[in-house]
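Trainee: The following file, data31.cif, comprises mmCIF, C-alpha atoms (C1' of nucleotides):
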```
data_coords
#
loop_
_atom_site.label_atom_id
_atom_site.label_comp_id
_atom_site.auth_asym_id
_atom_site.auth_seq_id
_atom_site.Cartn_x
_atom_site.Cartn_y
_atom_site.Cartn_z
CA MET Y 1 147.43 131.13 139.01
CA SER Y 2 144.78 133.78 139.12
CA THR Y 3 144.84 136.99 141.04
CA HIS Y 4 141.12 136.59 141.36
CA ARG Y 5 139.31 136.98 144.64
CA ARG Y 6 135.64 136.34 145.11
CA ASP Y 7 133.48 139.16 146.32
CA GLN Y 8 132.29 137.15 149.27
CA ASP Y 9 135.81 136.40 150.43
CA ARG Y 10 136.63 140.05 150.92
CA PRO Y 11 136.96 141.09 154.52
CA ARG Y 12 134.24 143.32 155.88
CA PRO Y 13 135.87 146.74 156.13
CA ALA Y 14 136.44 147.17 159.83
CA ASP Y 15 137.21 150.89 159.77
CA ASP Y 16 133.56 151.82 159.64
CA ALA Y 17 130.98 151.52 162.36
CA VAL Y 18 128.30 148.88 161.97
CA VAL Y 19 125.61 150.06 159.60
CA ASP Y 20 122.22 150.85 161.12
CA THR Y 21 119.58 148.70 159.45
CA GLY Y 22 116.69 150.39 161.23
CA LYS Y 23 113.39 148.55 161.30
CA LEU Y 24 114.81 145.70 159.24
CA GLY Y 25 116.18 144.04 162.36
CA ALA Y 26 112.62 143.52 163.60
CA MET Y 27 111.16 142.43 160.28
CA LEU Y 28 110.55 138.80 159.48
CA PHE Y 29 110.89 139.12 155.73
CA HIS Y 30 114.44 140.33 156.16
CA ALA Y 31 115.41 137.78 158.80
CA LEU Y 32 113.92 135.06 156.62
CA ARG Y 33 115.77 136.21 153.53
CA ARG Y 34 119.12 136.16 155.31
CA ALA Y 35 118.53 132.86 157.10
CA HIS Y 36 117.18 131.23 153.97
CA GLY Y 37 120.14 132.36 151.89
CA GLY Y 38 122.68 131.26 154.46
CA VAL Y 39 121.13 127.87 155.06
CA MET Y 40 120.79 127.22 151.33
CA ASN Y 41 124.42 128.14 150.78
CA GLY Y 42 125.45 125.73 153.50
CA LEU Y 43 123.36 122.92 152.09
CA HIS Y 44 124.61 123.52 148.57
CA ALA Y 45 128.16 123.39 149.85
CA ALA Y 46 127.34 120.09 151.57
CA PHE Y 47 125.92 118.79 148.28
CA ALA Y 48 128.73 120.12 146.08
CA ASP Y 49 130.31 116.72 145.53
CA GLU Y 50 127.03 115.34 144.22
CA ASP Y 51 126.30 118.41 142.12
CA ILE Y 52 122.69 118.63 143.26
CA ARG Y 53 120.76 121.50 144.75
CA ALA Y 54 118.16 121.76 147.45
CA LEU Y 55 115.08 121.78 145.23
CA PRO Y 56 115.78 118.64 143.19
CA PHE Y 57 116.79 117.00 146.46
CA ALA Y 58 113.39 117.82 147.93
CA VAL Y 59 111.73 116.36 144.85
CA MET Y 60 113.74 113.18 145.24
CA VAL Y 61 112.74 112.83 148.88
CA VAL Y 62 109.07 113.09 147.94
CA LEU Y 63 109.50 110.57 145.14
CA SER Y 64 111.20 108.11 147.45
CA ARG Y 65 108.26 108.28 149.86
CA ASN Y 66 105.59 108.31 147.14
CA PRO Y 67 106.74 106.23 144.17
CA GLY Y 68 104.79 106.94 141.01
CA LEU Y 69 103.31 110.18 142.29
CA ARG Y 70 101.95 112.48 139.60
CA GLN Y 71 103.87 115.64 138.92
CA THR Y 72 101.02 117.89 139.96
CA GLN Y 73 100.92 116.19 143.35
CA VAL Y 74 104.65 116.57 143.79
CA GLY Y 75 104.16 120.23 143.09
CA PHE Y 76 101.39 120.60 145.67
CA ALA Y 77 103.49 118.84 148.26
CA LEU Y 78 106.44 121.16 147.73
CA ASP Y 79 104.81 124.44 146.71
CA ILE Y 80 106.23 124.21 143.22
CA GLN Y 81 104.08 125.05 140.25
CA ARG Y 82 103.37 122.29 137.75
CA THR Y 83 104.99 124.31 135.05
CA ASN Y 84 108.23 124.77 136.99
CA LEU Y 85 108.37 121.14 137.92
CA VAL Y 86 108.77 120.04 134.32
CA PRO Y 87 112.41 121.10 133.85
CA LEU Y 88 113.23 119.81 137.34
CA ILE Y 89 111.98 116.31 136.47
CA ASP Y 90 113.59 116.63 133.05
CA ALA Y 91 116.95 117.21 134.69
CA LEU Y 92 116.53 114.28 137.08
CA GLU Y 93 115.55 112.06 134.16
CA LYS Y 94 118.49 113.22 132.06
CA ARG Y 95 120.85 112.25 134.87
CA GLY Y 96 119.17 108.89 135.27
CA LEU Y 97 117.96 109.66 138.80
CA ALA Y 98 114.23 109.52 138.08
CA GLU Y 99 111.89 108.44 135.32
CA ARG Y 100 108.36 109.15 134.15
CA ARG Y 101 106.04 106.23 133.46
CA ALA Y 102 102.52 105.96 132.12
CA VAL Y 103 99.78 105.87 134.76
CA PRO Y 104 97.28 103.07 134.14
CA GLY Y 105 93.75 104.46 133.96
CA ASP Y 106 94.63 108.05 133.06
CA ARG Y 107 96.50 108.60 129.85
CA ARG Y 108 97.12 112.28 130.62
CA ALA Y 109 99.08 111.62 133.77
CA ARG Y 110 102.69 110.63 134.27
CA GLY Y 111 103.86 108.86 137.39
CA VAL Y 112 107.37 109.73 138.52
CA PHE Y 113 109.70 107.16 140.07
CA LEU Y 114 113.20 107.27 141.44
CA THR Y 115 115.53 104.94 139.60
CA ARG Y 116 117.85 102.62 141.46
CA LEU Y 117 120.64 105.15 140.89
CA GLY Y 118 118.33 107.86 142.16
CA ALA Y 119 117.64 105.95 145.36
CA GLU Y 120 121.34 105.33 145.94
CA THR Y 121 122.20 108.96 145.28
CA LEU Y 122 119.40 110.09 147.56
CA ALA Y 123 120.75 107.98 150.41
CA ARG Y 124 124.06 109.82 150.23
CA LEU Y 125 122.34 113.19 149.93
CA GLU Y 126 120.12 112.52 152.92
CA ALA Y 127 123.14 111.68 155.04
CA ARG Y 128 124.71 114.98 154.08
CA ALA Y 129 121.49 116.88 154.64
CA VAL Y 130 121.13 115.38 158.11
CA ALA Y 131 124.72 116.30 158.92
CA HIS Y 132 124.01 119.81 157.76
CA GLU Y 133 120.92 120.01 159.96
CA GLU Y 134 123.04 118.95 162.89
CA LYS Y 135 125.39 121.84 162.25
CA LEU Y 136 122.42 124.16 162.39
CA ALA Y 137 121.22 122.52 165.57
CA ALA Y 138 124.64 123.21 167.09
CA ARG Y 139 123.97 126.90 166.52
CA LEU Y 140 120.44 126.91 167.79
CA GLY Y 141 120.49 124.30 170.47
CA ALA Y 142 118.24 121.26 170.20
CA ASP Y 143 115.27 123.12 171.64
CA GLY Y 144 115.88 126.11 169.42
CA ARG Y 145 115.84 124.01 166.30
CA GLY Y 146 112.55 122.42 167.22
CA GLN Y 147 111.00 125.75 168.11
CA LEU Y 148 112.18 127.27 164.86
CA LEU Y 149 110.72 124.42 162.83
CA ALA Y 150 107.38 124.75 164.61
CA LEU Y 151 107.24 128.50 164.09
CA LEU Y 152 108.13 128.23 160.42
CA HIS Y 153 105.46 125.61 159.88
CA ARG Y 154 102.97 127.84 161.61
CA LEU Y 155 103.94 130.59 159.20
CA SER Y 156 103.48 128.41 156.11
CA ASP Y 157 100.60 126.17 157.03
CA PRO Y 158 97.24 127.44 155.73
CA ALA Y 159 95.60 125.88 158.80
CA PHE Y 160 97.00 128.76 160.86
CA ASP Y 161 95.70 131.45 158.53
CA PRO Y 162 93.47 133.74 160.64
CA ASP Y 163 91.67 134.80 157.44
CA ALA Y 164 90.56 131.23 156.80
CA GLY Y 165 88.16 129.10 158.82
CA MET C 1 87.33 138.09 129.16
CA SER C 2 89.86 135.36 129.50
CA THR C 3 89.31 131.72 130.23
CA HIS C 4 92.63 131.84 131.94
CA ARG C 5 93.22 130.49 135.39
CA ARG C 6 96.47 130.83 137.22
CA ASP C 7 98.21 127.71 138.35
CA GLN C 8 98.19 128.83 141.95
CA ASP C 9 94.45 129.39 141.95
CA ARG C 10 93.70 125.77 141.18
CA PRO C 11 92.21 123.86 144.06
CA ARG C 12 94.34 121.21 145.66
CA PRO C 13 92.89 117.91 144.43
CA ALA C 14 91.09 116.55 147.45
CA ASP C 15 90.61 113.01 146.19
CA ASP C 16 94.10 111.98 147.13
CA ALA C 17 95.59 111.46 150.54
CA VAL C 18 98.11 114.02 151.80
CA VAL C 19 101.52 113.38 150.30
CA ASP C 20 104.22 112.09 152.63
CA THR C 21 107.16 114.48 152.58
CA GLY C 22 109.34 112.28 154.74
CA LYS C 23 112.32 113.91 156.42
CA LEU C 24 111.54 117.24 154.80
CA GLY C 25 109.10 118.09 157.56
CA ALA C 26 111.98 118.14 160.02
CA MET C 27 114.44 119.99 157.82
CA LEU C 28 115.11 123.67 158.24
CA PHE C 29 116.10 124.35 154.66
CA HIS C 30 112.67 123.21 153.51
CA ALA C 31 110.73 125.03 156.21
CA LEU C 32 112.75 128.16 155.46
CA ARG C 33 112.12 127.93 151.74
CA ARG C 34 108.38 127.67 152.21
CA ALA C 35 108.15 130.37 154.88
CA HIS C 36 110.42 132.70 152.95
CA GLY C 37 108.42 132.28 149.76
CA GLY C 38 105.10 132.81 151.47
CA VAL C 39 106.19 135.86 153.43
CA MET C 40 107.78 137.43 150.35
CA ASN C 41 104.61 136.87 148.36
CA GLY C 42 102.59 138.54 151.09
CA LEU C 43 104.92 141.52 151.27
CA HIS C 44 105.00 141.92 147.52
CA ALA C 45 101.21 141.89 147.46
CA ALA C 46 101.24 144.59 150.15
CA PHE C 47 103.68 146.62 148.01
CA ALA C 48 101.85 146.03 144.72
CA ASP C 49 100.42 149.55 144.54
CA GLU C 50 103.87 151.03 144.85
CA ASP C 51 105.42 148.58 142.42
CA ILE C 52 108.41 147.90 144.63
CA ARG C 53 109.82 144.66 145.91
CA ALA C 54 111.36 143.57 149.18
CA LEU C 55 115.00 143.95 148.22
CA PRO C 56 114.92 147.55 146.94
CA PHE C 57 112.77 148.35 149.97
CA ALA C 58 115.49 147.00 152.26
CA VAL C 59 118.05 149.11 150.42
CA MET C 60 115.91 152.19 150.89
CA VAL C 61 115.58 151.54 154.62
CA VAL C 62 119.35 151.34 154.96
CA LEU C 63 119.82 154.52 152.93
CA SER C 64 117.32 156.38 155.08
CA ARG C 65 119.27 155.45 158.20
CA ASN C 66 122.72 155.95 156.66
CA PRO C 67 122.57 158.78 154.11
CA GLY C 68 125.51 158.81 151.74
CA LEU C 69 126.60 155.27 152.56
CA ARG C 70 128.89 153.66 150.00
CA GLN C 71 127.47 150.89 147.90
CA THR C 72 129.86 148.30 149.27
CA GLN C 73 128.72 149.10 152.79
CA VAL C 74 125.08 148.82 151.82
CA GLY C 75 125.92 145.42 150.43
CA PHE C 76 127.66 144.27 153.60
CA ALA C 77 124.73 145.42 155.69
CA LEU C 78 122.22 143.48 153.61
CA ASP C 79 124.25 140.48 152.42
CA ILE C 80 124.12 141.68 148.84
CA GLN C 81 127.22 141.52 146.68
CA ARG C 82 128.60 144.77 145.36
CA THR C 83 128.12 143.60 141.84
CA ASN C 84 124.43 142.80 142.37
CA LEU C 85 123.81 146.08 144.09
CA VAL C 86 124.64 148.09 140.97
CA PRO C 87 121.43 147.36 139.04
CA LEU C 88 119.38 147.77 142.22
CA ILE C 89 120.71 151.29 142.78
CA ASP C 90 120.40 151.95 139.04
CA ALA C 91 116.69 151.14 139.23
CA LEU C 92 116.16 153.34 142.29
CA GLU C 93 117.99 156.17 140.55
CA LYS C 94 116.00 155.74 137.35
CA ARG C 95 112.77 156.10 139.33
CA GLY C 96 114.06 159.13 141.14
CA LEU C 97 114.02 157.43 144.54
CA ALA C 98 117.76 157.55 145.19
CA GLU C 99 120.86 159.18 143.77
CA ARG C 100 124.61 158.62 143.74
CA ARG C 101 126.90 161.48 144.67
CA ALA C 102 130.64 161.90 144.75
CA VAL C 103 132.32 161.17 148.07
CA PRO C 104 134.76 163.90 149.13
CA GLY C 105 138.18 162.41 149.81
CA ASP C 106 137.82 159.21 147.79
CA ARG C 107 137.20 159.60 144.11
CA ARG C 108 136.52 155.90 143.63
CA ALA C 109 133.54 155.81 145.92
CA ARG C 110 129.94 156.84 145.40
CA GLY C 111 127.69 157.81 148.28
CA VAL C 112 124.06 156.89 147.88
CA PHE C 113 121.24 159.09 149.15
CA LEU C 114 117.49 158.82 149.15
CA THR C 115 115.84 161.66 147.30
CA ARG C 116 112.93 163.54 148.79
CA LEU C 117 110.61 161.41 146.66
CA GLY C 118 112.44 158.34 147.90
CA ALA C 119 111.91 159.32 151.52
CA GLU C 120 108.22 159.97 150.94
CA THR C 121 107.77 156.68 149.13
CA LEU C 122 109.67 154.86 151.85
CA ALA C 123 107.32 156.24 154.49
CA ARG C 124 104.34 154.68 152.72
CA LEU C 125 106.21 151.42 152.17
CA GLU C 126 107.23 151.19 155.81
CA ALA C 127 103.62 151.60 156.90
CA ARG C 128 102.62 148.75 154.64
CA ALA C 129 105.51 146.59 155.77
CA VAL C 130 104.59 147.14 159.41
CA ALA C 131 100.98 146.22 158.67
CA HIS C 132 102.20 143.08 156.96
CA GLU C 133 104.34 142.17 159.95
CA GLU C 134 101.28 142.54 162.15
CA LYS C 135 99.43 140.04 160.00
CA LEU C 136 102.28 137.61 160.55
CA ALA C 137 102.21 138.31 164.27
CA ALA C 138 98.51 137.42 164.26
CA ARG C 139 99.51 133.98 163.01
CA LEU C 140 102.38 133.46 165.39
CA GLY C 141 101.27 135.29 168.46
CA ALA C 142 103.34 138.19 169.76
CA ASP C 143 105.70 135.86 171.62
CA GLY C 144 106.04 133.59 168.62
CA ARG C 145 107.06 136.42 166.36
CA GLY C 146 109.75 137.56 168.77
CA GLN C 147 111.05 134.04 169.26
CA LEU C 148 111.15 133.48 165.51
CA LEU C 149 113.09 136.68 164.94
CA ALA C 150 115.60 135.73 167.62
CA LEU C 151 116.10 132.24 166.24
CA LEU C 152 116.53 133.50 162.68
CA HIS C 153 119.10 136.03 163.78
CA ARG C 154 120.92 133.32 165.65
CA LEU C 155 120.98 131.33 162.42
CA SER C 156 122.38 134.20 160.34
CA ASP C 157 124.66 136.01 162.75
CA PRO C 158 128.33 134.95 162.40
CA ALA C 159 128.73 135.58 166.12
CA PHE C 160 126.85 132.35 166.77
CA ASP C 161 128.98 130.28 164.44
CA PRO C 162 130.46 127.44 166.52
CA ASP C 163 133.28 127.17 163.96
CA ALA C 164 134.37 130.71 164.68
CA GLY C 165 135.90 132.09 167.83
"C1'" DT P 1 148.86 145.86 145.53
"C1'" DA P 2 144.24 146.52 147.16
"C1'" DT P 3 139.71 148.65 146.84
"C1'" DT P 4 135.33 150.91 144.51
"C1'" DG P 5 132.37 150.63 141.23
"C1'" DT P 6 131.27 148.62 137.03
"C1'" DT P 7 130.21 145.48 132.86
"C1'" DA P 8 129.23 141.10 131.15
"C1'" DT P 9 127.39 136.84 131.83
"C1'" DA P 10 125.23 132.53 133.53
"C1'" DC P 11 122.28 129.88 136.40
"C1'" DT P 12 118.43 129.06 139.58
"C1'" DC P 13 113.93 129.96 141.01
"C1'" DT P 14 109.54 131.86 140.24
"C1'" DA P 15 105.69 133.61 137.43
"C1'" DT P 16 102.13 134.13 133.50
"C1'" DA P 17 99.96 132.67 129.26
"C1'" DA P 18 98.56 129.41 126.18
"C1'" DC P 19 98.73 124.91 123.87
"C1'" DT P 20 97.75 119.35 123.53
"C1'" DA P 21 95.63 115.34 124.77
"C1'" DT P 22 92.93 113.47 127.48
"C1'" DA P 23 88.95 113.12 131.03
"C1'" DT J 1 84.46 122.12 130.72
"C1'" DA J 2 88.16 120.81 133.50
"C1'" DT J 3 92.59 118.54 134.30
"C1'" DA J 4 97.74 116.76 133.44
"C1'" DG J 5 101.55 117.79 131.31
"C1'" DT J 6 103.89 120.76 128.43
"C1'" DT J 7 106.14 124.84 125.86
"C1'" DA J 8 107.54 129.44 125.69
"C1'" DT J 9 108.90 133.34 127.97
"C1'" DA J 10 109.97 136.89 131.34
"C1'" DG J 11 111.62 138.64 135.66
"C1'" DA J 12 113.97 138.35 140.14
"C1'" DG J 13 117.90 137.02 142.71
"C1'" DT J 14 122.40 135.28 143.05
"C1'" DA J 15 127.03 133.90 141.38
"C1'" DT J 16 131.81 134.35 138.98
"C1'" DA J 17 135.26 136.78 136.22
"C1'" DA J 18 137.52 140.65 134.76
"C1'" DC J 19 138.21 145.66 133.83
"C1'" DA J 20 139.17 150.98 134.73
"C1'" DA J 21 139.97 154.42 137.97
"C1'" DT J 22 141.78 155.39 142.20
"C1'" DA J 23 143.95 154.54 146.73
#
```
Would you mind writing the file out in structure tokens?

Mentor:
Amino acid sequence: MSTHRRDQDRPRPADDAVVDTGKLGAMLFHALRRAHGGVMNGLHAAFADEDIRALPFAVMVVLSRNPGLRQTQVGFALDIQRTNLVPLIDALEKRGLAERRAVPGDRRARGVFLTRLGAETLARLEARAVAHEEKLAARLGADGRGQLLALLHRLSDPAFDPDAG
Amino acid sequence: MSTHRRDQDRPRPADDAVVDTGKLGAMLFHALRRAHGGVMNGLHAAFADEDIRALPFAVMVVLSRNPGLRQTQVGFALDIQRTNLVPLIDALEKRGLAERRAVPGDRRARGVFLTRLGAETLARLEARAVAHEEKLAARLGADGRGQLLALLHRLSDPAFDPDAG
DNA sequence: TATTGTTATACTCTATAACTATA
DNA sequence: TATAGTTATAGAGTATAACAATA
């Protein structure tokens, strides 16, 4: 048995007053960083049995909806650079969850497909992801979750960029 | 002159239909990842002249409001582990923006202070961060920004955890 | 025994540059 | 000339384990 104790398991020292975080409380970058980290941790915990993380999961979802999609297109859909997608697909291929195939008509391109195992694994992952989303909805309320999604999309979608058209 | 062209500068290929991202569009982890990435990129661009990133900036804000705070407390305030805070403070110290001092009464602890240079730098950074937030508000509308902040806090704050008391 | 800071280390995610083979 | 995939590499950020000094 180990005397070890993870940093995160330590109790917040209660003897001190709450720390003043100043303007950070009203800044989106900070709220986003904390929410993003927390939600990712929760999802990764939900996926622990399957030993998969959020990003490869997102890739698998796209592949299931768009069989044979080229890597570059996967990247555009998910805001992942081509170059960073390579090791992601490599890992999925190595685990037998996806495979690259030649694209007829363009010998440069590689179409990516989920394997049968990949589709089966994805089904389990999606169930867990949905359950995780429901936990979040319990925090936010059903309306809150929808509002949050809409606001986040507005923040990411280039169509809402005031600098653009 | 370089023939180089960054991956991100490439135009989205318009010949193809928009990729179907399936359930991802309704999943918070995915919306958070994209919004977080985009907002961080924007803030880092706004900070480029000062060569500082969001996380050390957040540390500096906390130090300015809580001079002499112990590292562990800084970590609790920002959801950063003690162990990961060490190189962050190291870097601030190396640049002369912050310094560690002995804490009277507890020889284990180190109180962290902004230097004069740190405070001056922080003032410029805060102005840029505020300007960046205003850009985001222009996207979301003033109400939208406030709603988004509230929802994100609700997502991060343990007080809203239904599993807790 | 527990806590503060630290070192060492590993993994994930993101980023830039440049190469190859095709188009 | 441009594009699709790739390799190599570097830097953030986050995570675990274990240690020394001190409480």

Trainee: Can you tell me, as JSON, the centre and edge lengths (Å, one decimal) of the axis-aligned box enclosing all of segment 5-14 of chain P's listed atoms after padding each side by 8 Å?

Mentor:
```
{"center_x": 121.0, "center_y": 139.8, "center_z": 136.2, "size_x": 38.8, "size_y": 37.6, "size_z": 26.1}
```

Trainee: Tell me which residues the PyMOL selection byres ((chain J and resi 2-7) around 6) grabs here, as a list in words.

Mentor: Arg108 and Ala109 of chain Y; DT1 and DA8 of chain J

Trainee: Suppose we keep C-alpha atoms (C1' of nucleotides); can you now write the selection as a PDB file, in the coordinates of the input?

Mentor:
```pdb
ATOM      1  CA  ARG Y 108      97.120 112.280 130.620  1.00  0.00           C
ATOM      2  CA  ALA Y 109      99.080 111.620 133.770  1.00  0.00           C
TER       3      ALA Y 109
ATOM      4  C1'  DT J   1      84.460 122.120 130.720  1.00  0.00           C
ATOM      5  C1'  DA J   8     107.540 129.440 125.690  1.00  0.00           C
TER       6       DA J   8
END
```

Trainee: Residues of chain P were defined as contacting chain C if any atom lay at most 9 Å from it, counting only C-alpha atoms (C1' of nucleotides); please report them as a list of chain:residue names.

Mentor: P:DT3, P:DT4, P:DG5, P:DT6, P:DT16, P:DA17, P:DA18

Trainee: I'd like to know which of Y:Glu99, Y:Asp51, Y:Glu93, Y:Asp79 is closest to chain C, using only C-alpha atoms.

Mentor: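 Closest residue, counting only C-alpha atoms: Y:Asp79.
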
Trainee: Give me the result of the PyMOL selection byres ((chain C) within 6 of (chain Y)) on this file, residue by residue, as a VMD selection string.

Mentor: chain C and resid 21 31 to 32 35 to 36 62 152 156

Trainee: Using atom CA of Ala98 of chain C and atom CA of Leu122 of chain C as the two end points, give the distance in Å to one decimal.

Mentor: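 Spanning atom CA of Ala98 of chain C to atom CA of Leu122 of chain C is a straight-line distance of 10.8 Å.
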
Trainee: Just the number, please: distance in Å from atom C1' of DT14 of chain J to atom CA of Arg128 of chain C, one decimal.

Mentor: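 One can read the atom C1' of DT14 of chain J to atom CA of Arg128 of chain C distance as 26.6 Å.
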
Trainee: Rounded to one decimal in Å, what is the spacing between atom CA of Leu85 of chain C and atom CA of Ala102 of chain C?

Mentor: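 Between atom CA of Leu85 of chain C and atom CA of Ala102 of chain C the gap is 17.2 Å.
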
Trainee: Take the PyMOL selection byres ((chain J) within 9 of (chain C)), run it mentally on this structure, and tell me the resulting residues as a PDB file with C-alpha atoms (C1' of nucleotides), in the coordinates of the input.

Mentor:
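Writing the result to expr24.pdb gives the following:
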```pdb
ATOM      1  C1'  DG J  13     117.900 137.020 142.710  1.00  0.00           C
ATOM      2  C1'  DT J  14     122.400 135.280 143.050  1.00  0.00           C
ATOM      3  C1'  DA J  21     139.970 154.420 137.970  1.00  0.00           C
ATOM      4  C1'  DT J  22     141.780 155.390 142.200  1.00  0.00           C
ATOM      5  C1'  DA J  23     143.950 154.540 146.730  1.00  0.00           C
TER       6       DA J  23
END
```

Trainee: Calculated over all atoms listed in the file, which of the candidates Y:Val103, Y:Ile89, Y:Val112, Y:Ile52 has the smallest distance to Leu125 of chain Y?

Mentor: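 Between Y:Val103, Y:Ile89, Y:Val112, Y:Ile52, the residue approaching Leu125 of chain Y most closely is Y:Ile52.
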